[in-house]
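Source file: model10.txt; contents: compact mmCIF, C-alpha atoms.
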```txt
# COMPACT_ATOMS: atom_id res chain seq x y z
CA MET A 1 -22.79 -18.99 -46.93
CA SER A 2 -19.44 -19.74 -48.47
CA ASP A 3 -17.57 -17.74 -45.87
CA LYS A 4 -17.23 -19.93 -42.81
CA SER A 5 -15.92 -17.06 -40.71
CA ARG A 6 -18.96 -14.86 -41.19
CA THR A 7 -21.54 -14.89 -38.42
CA SER A 8 -24.93 -14.07 -39.89
CA LYS A 9 -28.42 -14.74 -38.69
CA ALA A 10 -29.94 -12.39 -41.22
CA GLY A 11 -28.57 -14.09 -44.31
CA PRO A 12 -25.83 -13.31 -46.78
CA ALA A 13 -27.49 -10.15 -48.10
CA ALA A 14 -27.47 -8.37 -44.72
CA ARG A 15 -25.42 -5.20 -44.48
CA MET A 16 -24.39 -2.89 -41.64
CA PRO A 17 -24.73 0.88 -41.55
CA LEU A 18 -21.26 2.17 -42.40
CA ILE A 19 -20.91 4.79 -39.69
CA GLU A 20 -22.06 2.39 -36.99
CA ALA A 21 -19.73 -0.33 -38.22
CA LEU A 22 -16.84 2.13 -38.04
CA GLY A 23 -18.01 3.32 -34.65
CA VAL A 24 -17.35 -0.13 -33.24
CA LEU A 25 -13.65 0.42 -33.97
CA LEU A 26 -13.45 3.78 -32.25
CA PRO A 27 -13.04 2.63 -28.61
CA LEU A 28 -10.73 -0.16 -29.76
CA ARG A 29 -8.23 1.83 -31.82
CA GLY A 30 -6.08 2.82 -28.81
CA GLU A 31 -2.79 4.24 -30.08
CA ARG A 32 -3.04 2.48 -33.40
CA ILE A 33 -2.16 4.31 -36.58
CA VAL A 34 -5.40 4.42 -38.61
CA VAL A 35 -5.00 4.81 -42.37
CA THR A 36 -8.21 5.70 -44.17
CA THR A 37 -9.04 5.90 -47.84
CA MET A 38 -12.09 6.32 -50.07
CA GLY A 39 -15.37 6.18 -48.13
CA ALA A 40 -13.62 5.55 -44.84
CA ALA A 41 -11.71 8.80 -45.28
CA ARG A 42 -15.08 10.55 -45.54
CA GLU A 43 -16.71 8.82 -42.56
CA TRP A 44 -13.90 8.19 -40.04
CA PRO A 45 -13.18 11.91 -39.47
CA LYS A 46 -16.79 12.26 -38.32
CA LEU A 47 -15.86 9.94 -35.46
CA SER A 48 -12.19 10.63 -34.80
CA GLN A 49 -9.74 13.54 -34.86
CA HIS A 50 -6.75 11.59 -33.57
CA PRO A 51 -3.25 12.74 -34.58
CA LEU A 52 -2.43 9.17 -35.59
CA ASP A 53 -5.23 9.18 -38.17
CA LEU A 54 -3.73 9.36 -41.65
CA HIS A 55 -6.34 10.17 -44.27
CA TYR A 56 -4.80 8.96 -47.50
CA ILE A 57 -6.25 11.72 -49.69
CA PRO A 58 -5.31 12.34 -52.43
CA SER A 59 -4.41 8.73 -53.03
CA ALA A 60 -3.36 6.32 -55.70
CA MET A 61 -6.46 4.14 -55.53
CA GLY A 62 -5.65 0.70 -54.20
CA GLN A 63 -2.43 1.65 -52.44
CA ALA A 64 -3.70 2.20 -48.88
CA THR A 65 -2.87 -1.38 -47.91
CA SER A 66 0.67 -0.91 -49.19
CA LEU A 67 1.07 2.44 -47.46
CA GLY A 68 -0.14 0.81 -44.26
CA LEU A 69 2.35 -2.01 -44.70
CA GLY A 70 5.18 0.47 -45.04
CA LEU A 71 4.11 2.16 -41.82
CA ALA A 72 3.82 -1.19 -40.07
CA LEU A 73 7.33 -2.17 -41.14
CA ALA A 74 8.73 1.19 -40.11
CA ARG A 75 6.97 1.25 -36.74
CA SER A 76 6.98 -2.35 -35.63
CA GLU A 77 6.24 -1.32 -32.04
CA ARG A 78 2.88 0.14 -33.04
CA GLU A 79 -0.28 -1.41 -34.52
CA VAL A 80 -1.51 -0.13 -37.88
CA LEU A 81 -5.15 -0.31 -38.96
CA VAL A 82 -6.05 0.28 -42.61
CA LEU A 83 -9.67 1.13 -43.42
CA ASN A 84 -9.94 0.19 -47.08
CA GLY A 85 -12.73 0.00 -49.63
CA ASP A 86 -13.71 -3.10 -51.54
CA GLY A 87 -13.05 -1.48 -54.91
CA ALA A 88 -9.64 -0.33 -53.68
CA MET A 89 -8.90 -3.79 -52.33
CA LEU A 90 -9.73 -5.33 -55.71
CA MET A 91 -7.18 -3.01 -57.32
CA ASN A 92 -4.36 -4.35 -55.18
CA LEU A 93 -5.12 -7.93 -54.21
CA GLY A 94 -1.45 -8.80 -54.62
CA SER A 95 -0.72 -6.59 -51.63
CA LEU A 96 -2.31 -9.23 -49.43
CA VAL A 97 0.43 -11.67 -50.43
CA THR A 98 3.04 -8.95 -50.00
CA ILE A 99 1.76 -8.23 -46.49
CA VAL A 100 2.02 -11.84 -45.41
CA ALA A 101 5.41 -12.29 -47.07
CA SER A 102 6.76 -9.19 -45.34
CA GLY A 103 6.41 -10.79 -41.95
CA ALA A 104 4.63 -7.74 -40.51
CA THR A 105 2.39 -8.83 -37.66
CA ASN A 106 1.26 -5.39 -36.47
CA LEU A 107 -1.13 -4.73 -39.34
CA SER A 108 -4.91 -5.08 -39.65
CA ILE A 109 -6.71 -4.62 -42.96
CA VAL A 110 -10.40 -3.76 -42.69
CA VAL A 111 -12.30 -3.88 -45.98
CA LEU A 112 -15.57 -1.95 -46.02
CA ASN A 113 -17.47 -3.90 -48.64
CA ASN A 114 -20.47 -2.12 -50.13
CA GLY A 115 -20.14 -3.65 -53.58
CA ILE A 116 -19.82 -0.34 -55.37
CA TYR A 117 -17.41 2.42 -56.29
CA GLU A 118 -19.17 4.75 -53.90
CA VAL A 119 -17.11 7.93 -54.20
CA THR A 120 -17.71 8.02 -57.95
CA GLY A 121 -21.46 7.78 -57.55
CA GLY A 122 -22.22 4.13 -56.92
CA GLN A 123 -21.21 2.07 -59.93
CA ARG A 124 -20.95 -1.64 -59.16
CA THR A 125 -17.53 -3.24 -58.83
CA ALA A 126 -16.86 -6.45 -60.71
CA ALA A 127 -17.23 -8.32 -57.42
CA GLY A 128 -20.38 -6.35 -56.60
CA SER A 129 -21.95 -7.44 -59.86
CA LEU A 130 -21.83 -11.05 -58.72
CA PRO A 131 -24.39 -12.74 -56.45
CA ALA A 132 -23.86 -12.04 -52.74
CA GLY A 133 -20.88 -14.01 -51.43
CA ALA A 134 -19.70 -15.21 -54.85
CA ALA A 135 -16.59 -13.04 -54.65
CA ASP A 136 -15.32 -13.89 -51.19
CA PHE A 137 -12.85 -11.37 -49.74
CA ALA A 138 -12.20 -13.42 -46.63
CA ALA A 139 -11.40 -16.46 -48.75
CA LEU A 140 -9.08 -14.33 -50.87
CA ALA A 141 -7.24 -13.22 -47.74
CA ARG A 142 -6.87 -16.77 -46.52
CA ALA A 143 -5.66 -17.86 -49.95
CA ALA A 144 -3.08 -15.06 -49.83
CA GLY A 145 -1.64 -16.58 -46.67
CA PHE A 146 -3.50 -14.85 -43.84
CA ARG A 147 -4.01 -17.29 -40.98
CA GLY A 148 -7.52 -18.64 -40.70
CA GLU A 149 -8.10 -17.33 -37.18
CA SER A 150 -6.97 -13.89 -38.32
CA VAL A 151 -9.57 -13.55 -41.07
CA LYS A 152 -13.09 -12.48 -40.16
CA SER A 153 -16.17 -11.28 -42.00
CA PHE A 154 -19.20 -9.57 -40.54
CA ASN A 155 -22.44 -8.36 -42.03
CA GLU A 156 -24.43 -7.91 -38.79
CA LEU A 157 -23.72 -5.16 -36.32
CA ASP A 158 -24.38 -7.18 -33.18
CA ALA A 159 -21.94 -9.89 -34.19
CA TRP A 160 -19.34 -7.29 -35.17
CA ARG A 161 -19.75 -5.51 -31.83
CA GLN A 162 -19.33 -8.75 -29.93
CA GLU A 163 -16.29 -9.99 -31.82
CA ALA A 164 -14.43 -6.86 -32.88
CA ALA A 165 -12.02 -6.81 -29.95
CA ALA A 166 -11.12 -10.45 -30.47
CA ALA A 167 -10.73 -9.93 -34.20
CA LEU A 168 -8.24 -7.12 -33.58
CA ALA A 169 -6.40 -9.22 -31.00
CA ALA A 170 -5.90 -12.22 -33.30
CA PRO A 171 -2.36 -12.95 -34.49
CA GLY A 172 -1.34 -10.48 -37.16
CA PRO A 173 -1.58 -9.67 -39.90
CA ARG A 174 -5.37 -9.58 -39.72
CA PHE A 175 -8.04 -9.21 -42.37
CA ILE A 176 -11.57 -8.12 -41.48
CA GLU A 177 -14.37 -7.71 -43.99
CA LEU A 178 -17.27 -5.52 -42.95
CA VAL A 179 -20.24 -5.80 -45.29
CA VAL A 180 -21.81 -2.36 -45.17
CA GLU A 181 -24.60 -0.36 -46.72
CA PRO A 182 -23.85 2.36 -49.26
CA VAL A 183 -24.29 5.81 -47.77
CA GLY A 184 -26.55 7.03 -50.55
CA ALA A 185 -26.53 10.62 -51.71
CA ALA A 186 -23.80 11.76 -49.32
CA TYR A 187 -21.09 9.91 -51.18
CA HIS A 188 -18.84 12.80 -52.18
CA LEU A 189 -15.29 12.63 -50.91
CA GLU A 190 -13.89 15.98 -49.85
CA SER A 191 -10.38 16.95 -48.84
CA PRO A 192 -9.78 16.85 -45.09
CA GLY A 193 -7.41 19.81 -45.42
CA PRO A 194 -3.93 20.66 -46.65
CA LEU A 195 -1.91 17.49 -47.04
CA ALA A 196 1.45 18.89 -45.97
CA ALA A 197 0.01 20.01 -42.65
CA ARG A 198 -1.72 16.68 -42.14
CA LEU A 199 1.49 14.74 -42.84
CA ALA A 200 3.47 16.99 -40.52
CA ARG A 201 0.97 16.46 -37.71
CA PHE A 202 1.00 12.72 -38.30
CA GLN A 203 4.79 12.48 -38.29
CA GLN A 204 4.96 14.64 -35.18
CA ALA A 205 2.58 12.24 -33.45
CA LEU A 206 4.84 9.39 -34.48
CA GLY A 207 7.88 11.25 -33.22
CA VAL A 208 9.40 11.30 -36.69
CA GLY A 209 11.12 14.38 -38.05
CA ASN A 210 10.88 15.27 -41.73
CA ARG A 211 13.66 13.58 -43.67
CA MET B 1 26.27 -6.04 -67.98
CA ASP B 2 26.86 -7.44 -64.55
CA TYR B 3 26.78 -5.15 -61.54
CA PRO B 4 28.23 -6.77 -58.40
CA GLY B 5 25.54 -7.13 -55.76
CA ASP B 6 27.97 -6.73 -52.89
CA LYS B 7 29.12 -3.38 -54.25
CA VAL B 8 25.52 -2.24 -54.71
CA VAL B 9 24.68 -3.19 -51.13
CA GLU B 10 27.78 -1.36 -49.94
CA ILE B 11 26.49 1.77 -51.66
CA PHE B 12 22.98 1.37 -50.27
CA THR B 13 24.41 0.92 -46.79
CA ALA B 14 26.59 3.99 -47.11
CA LEU B 15 23.50 5.96 -48.12
CA GLY B 16 21.65 4.84 -45.01
CA ILE B 17 19.05 2.83 -46.89
CA THR B 18 16.96 0.85 -44.41
CA HIS B 19 14.66 -1.09 -46.77
CA VAL B 20 14.89 -2.14 -50.40
CA VAL B 21 11.42 -2.61 -51.86
CA TRP B 22 11.83 -4.59 -55.01
CA LEU B 23 10.54 -6.55 -57.91
CA PRO B 24 13.61 -7.79 -59.77
CA ASP B 25 14.37 -8.27 -63.44
CA SER B 26 17.04 -10.49 -64.92
CA ALA B 27 19.79 -7.92 -64.43
CA LEU B 28 18.86 -6.86 -60.90
CA GLY B 29 17.92 -10.37 -59.79
CA PRO B 30 21.49 -11.49 -59.09
CA TRP B 31 21.63 -8.86 -56.32
CA GLU B 32 19.17 -10.87 -54.26
CA ALA B 33 21.74 -12.90 -52.33
CA ALA B 34 23.73 -9.80 -51.40
CA LEU B 35 20.58 -7.94 -50.40
CA GLU B 36 19.48 -10.84 -48.23
CA ARG B 37 22.89 -11.04 -46.58
CA ALA B 38 22.97 -7.36 -45.75
CA GLY B 39 22.33 -6.89 -42.08
CA SER B 40 21.83 -3.17 -42.43
CA LEU B 41 18.76 -3.27 -44.65
CA LYS B 42 15.62 -5.30 -45.12
CA LEU B 43 14.32 -6.64 -48.42
CA VAL B 44 10.60 -6.23 -49.10
CA ARG B 45 9.23 -8.25 -52.01
CA VAL B 46 6.18 -6.93 -53.85
CA CYS B 47 3.83 -8.50 -56.36
CA ARG B 48 3.54 -5.46 -58.62
CA GLU B 49 5.55 -2.29 -58.82
CA GLY B 50 2.81 0.12 -57.79
CA GLU B 51 2.92 -1.41 -54.34
CA ALA B 52 6.59 -0.57 -54.05
CA TRP B 53 6.08 3.20 -54.14
CA ALA B 54 3.29 3.13 -51.56
CA ILE B 55 5.21 0.82 -49.24
CA ALA B 56 8.22 3.10 -49.57
CA ALA B 57 5.97 6.05 -48.75
CA GLY B 58 4.77 4.38 -45.56
CA LEU B 59 8.32 3.49 -44.60
CA HIS B 60 9.44 7.07 -45.18
CA LEU B 61 6.57 8.53 -43.18
CA GLY B 62 7.48 6.11 -40.42
CA GLY B 63 11.02 7.43 -40.26
CA CYS B 64 12.93 5.00 -42.47
CA ARG B 65 14.91 5.56 -45.68
CA PRO B 66 13.61 3.07 -48.27
CA LEU B 67 14.74 2.55 -51.86
CA VAL B 68 12.55 1.22 -54.67
CA LEU B 69 14.31 -1.26 -56.96
CA ILE B 70 12.38 -2.16 -60.12
CA GLN B 71 12.69 -2.43 -63.90
CA ASN B 72 11.67 0.39 -66.24
CA THR B 73 8.65 -1.62 -67.37
CA GLY B 74 7.58 -1.58 -63.74
CA LEU B 75 8.22 2.14 -63.65
CA PHE B 76 5.61 2.52 -66.36
CA GLU B 77 3.20 0.19 -64.54
CA SER B 78 3.54 2.07 -61.31
CA GLY B 79 3.02 5.56 -62.70
CA ASP B 80 -0.04 6.43 -60.64
CA ALA B 81 1.54 5.29 -57.39
CA LEU B 82 4.72 7.20 -58.22
CA ARG B 83 2.70 10.30 -59.09
CA ASN B 84 0.88 10.15 -55.80
CA VAL B 85 3.78 9.62 -53.43
CA LEU B 86 6.28 11.92 -55.13
CA PHE B 87 3.98 14.76 -56.15
CA ASP B 88 0.85 14.62 -53.95
CA LEU B 89 2.53 13.46 -50.76
CA GLY B 90 5.74 15.21 -51.77
CA LEU B 91 8.05 12.51 -50.45
CA PRO B 92 11.70 12.50 -51.55
CA LEU B 93 11.84 8.80 -52.34
CA LEU B 94 14.73 7.06 -54.06
CA ALA B 95 14.68 4.44 -56.79
CA VAL B 96 17.10 2.38 -58.83
CA VAL B 97 15.51 1.27 -62.08
CA GLY B 98 16.74 -1.38 -64.48
CA TYR B 99 17.00 0.22 -67.92
CA ARG B 100 16.00 -2.62 -70.22
CA SER B 101 17.79 -2.74 -73.57
CA TYR B 102 19.76 0.43 -72.91
CA LEU B 103 23.03 -1.31 -73.75
CA VAL B 104 21.68 -3.02 -76.88
CA ALA B 105 22.81 -1.25 -80.00
CA ASN B 106 19.95 -0.18 -82.26
CA SER B 107 17.36 -1.61 -79.89
CA THR B 108 13.76 -1.04 -80.91
CA ASP B 109 12.50 -1.91 -77.43
CA SER B 110 9.79 0.63 -76.60
CA ALA B 111 10.66 0.24 -72.92
CA ARG B 112 14.02 1.78 -73.75
CA ARG B 113 12.57 4.42 -76.04
CA PHE B 114 10.15 5.88 -73.53
CA THR B 115 12.07 5.63 -70.24
CA GLU B 116 13.95 8.91 -70.24
CA PRO B 117 11.16 10.94 -71.88
CA VAL B 118 8.76 9.71 -69.21
CA LEU B 119 11.12 10.62 -66.39
CA SER B 120 11.67 14.01 -67.98
CA ALA B 121 7.92 14.49 -68.27
CA TRP B 122 7.61 13.81 -64.54
CA GLY B 123 10.35 16.38 -63.98
CA LEU B 124 12.44 13.81 -62.13
CA LYS B 125 16.19 14.13 -61.96
CA TYR B 126 17.93 10.93 -62.93
CA ALA B 127 21.36 9.53 -63.61
CA VAL B 128 22.30 6.71 -65.94
CA VAL B 129 24.85 4.06 -65.01
CA ARG B 130 26.30 2.05 -67.89
CA SER B 131 28.77 -0.26 -66.17
CA ALA B 132 29.93 -1.48 -62.80
CA GLY B 133 32.68 1.09 -63.00
CA GLU B 134 30.08 3.84 -62.96
CA LEU B 135 28.39 2.72 -59.76
CA PRO B 136 30.01 5.57 -57.81
CA ALA B 137 27.91 7.89 -59.97
CA MET B 138 24.82 6.11 -58.66
CA GLN B 139 25.96 6.73 -55.10
CA LYS B 140 26.71 10.38 -55.80
CA HIS B 141 23.37 11.05 -57.48
CA LEU B 142 21.38 9.42 -54.69
CA ALA B 143 23.44 11.16 -52.02
CA ASP B 144 22.85 14.50 -53.72
CA CYS B 145 19.10 13.82 -53.82
CA ILE B 146 19.06 12.86 -50.14
CA ALA B 147 20.92 16.04 -49.24
CA ALA B 148 18.53 18.11 -51.32
CA ARG B 149 15.46 16.23 -49.99
CA ARG B 150 14.23 15.53 -53.49
CA PRO B 151 13.29 12.31 -55.29
CA GLY B 152 16.17 10.51 -56.92
CA ILE B 153 16.19 7.99 -59.75
CA VAL B 154 19.13 6.03 -61.09
CA LEU B 155 18.77 4.08 -64.31
CA VAL B 156 20.98 1.00 -64.51
CA GLY B 157 21.79 0.12 -68.11
CA GLU B 158 20.91 -3.40 -69.14
CA GLY B 159 21.37 -5.47 -72.25
CA ARG B 160 20.04 -8.83 -73.29
CA VAL B 161 16.74 -7.74 -74.85
```

What would you get if you wrote out this structure as structure tokens?
Amino acid sequence: MSDKSRTSKAGPAARMPLIEALGVLLPLRGERIVVTTMGAAREWPKLSQHPLDLHYIPSAMGQATSLGLGLALARSEREVLVLNGDGAMLMNLGSLVTIVASGATNLSIVVLNNGIYEVTGGQRTAAGSLPAGAADFAALARAAGFRGESVKSFNELDAWRQEAAAALAAPGPRFIELVVEPVGAAYHLESPGPLAARLARFQQALGVGNR
Amino acid sequence: MDYPGDKVVEIFTALGITHVVWLPDSALGPWEAALERAGSLKLVRVCREGEAWAIAAGLHLGGCRPLVLIQNTGLFESGDALRNVLFDLGLPLLAVVGYRSYLVANSTDSARRFTEPVLSAWGLKYAVVRSAGELPAMQKHLADCIAARRPGIVLVGEGRV
């Protein structure tokens, strides 16, 4: 496998069930801000109803990493966790360089890599059309300036469970790729409710008044 | 047209700007030293303009007062991000945008031709600054937008192209 940071006994084609991979993060999120987008915005609310969850819907696809960076810069005392899709990450790879250049250390980017544009019905991404591992997200993160020990990739649930806490405790910013299975027919992304109310609740949880 | 960076930073500081999220052009670029010197605000460098709007959105949601500083070509590039943060999220973000070729007589630059129609199509209120002497108009427009809690755009006239 080209990715030296990935622990895999099952081979490069192994994938984790999405909801279980996300479930590993649940007891670890603490008081982190969690920004979700795309498939994560569909699945994470099944696990969490925390006031510091910010479901970035409707979004500008690709911009969740940048939104998360803004939050991290604004709230340097608090950790920010962005649950991004692989297609969305491909749309904004430059943001990885921006994140490192910003100096923010309280930010973790988790890319849920299923190789497809899932919320539109499962079309392959450009990276997903390549052989497994040929487009290497972890290598891209390292090449963007993320420190080697802060970049991890997992495609097996047991390894992810064992190393998740350490991955989130590595020096920030952090980049974690989770290779996951598509969800299948239940791919539709639905609104989690009125946006203004969600933003108000989020800002209240942060202790920020509307400006 | 040269706009003194120190004066621009003075205006940003007076407006309470905490972060300038930017991707410079040749006219805005000379402000870099003044922006870096400013103790009251932080400079955030992006790789592409769409990032700037989303970063500014995160900063705003986190309680800061950011300002996006880009060229009009970047305004076009970042249309989807702008649409999302200003109209979906409804955030009253501020931007100063270099207006390429605005000061060039008889310019055929399409970046000049489409800038104001695009802003009008978005329904965004904007002001145009043509010289350093008009910088107070930039401050007034942005201050008015802050007070009204609405997005604010200032176009800074440029030549050269």

Practice item. Between A:Val111, A:Leu189, A:Ile176, A:Leu69, single out the one closest to chain B, counting all atoms listed in the file. Key: A:Leu69

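Within 6 Å of range 61-78 of chain B there are Leu71, Ala74 and Val208 of chain A; Ile17, Thr18, His19, Val20, Val21, Trp22, Leu23, Pro24, Glu49, Gly50, Ala56, Gly58, Leu59, Asp80, Ala81, Leu94, Ala95, Val96, Val97, Gly98 and Tyr99 of chain B, counting only C-alpha atoms and ignoring same-chain residues fewer than 2 positions away.
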
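The residue that comes closest to chain B, out of A:Leu157, A:Leu90, A:Ala72, A:Leu168 and on the basis of only C-alpha atoms, is A:Ala72.
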
Check your understanding: Expressed in Å to a single decimal, how great is the separation between CA of Gly152 in chain B and CA of Lys140 in chain B?
Key -> 10.6 Å

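Between CA of Asp88 in chain B and CA of Tyr126 in chain B lies a distance of 19.6 Å.
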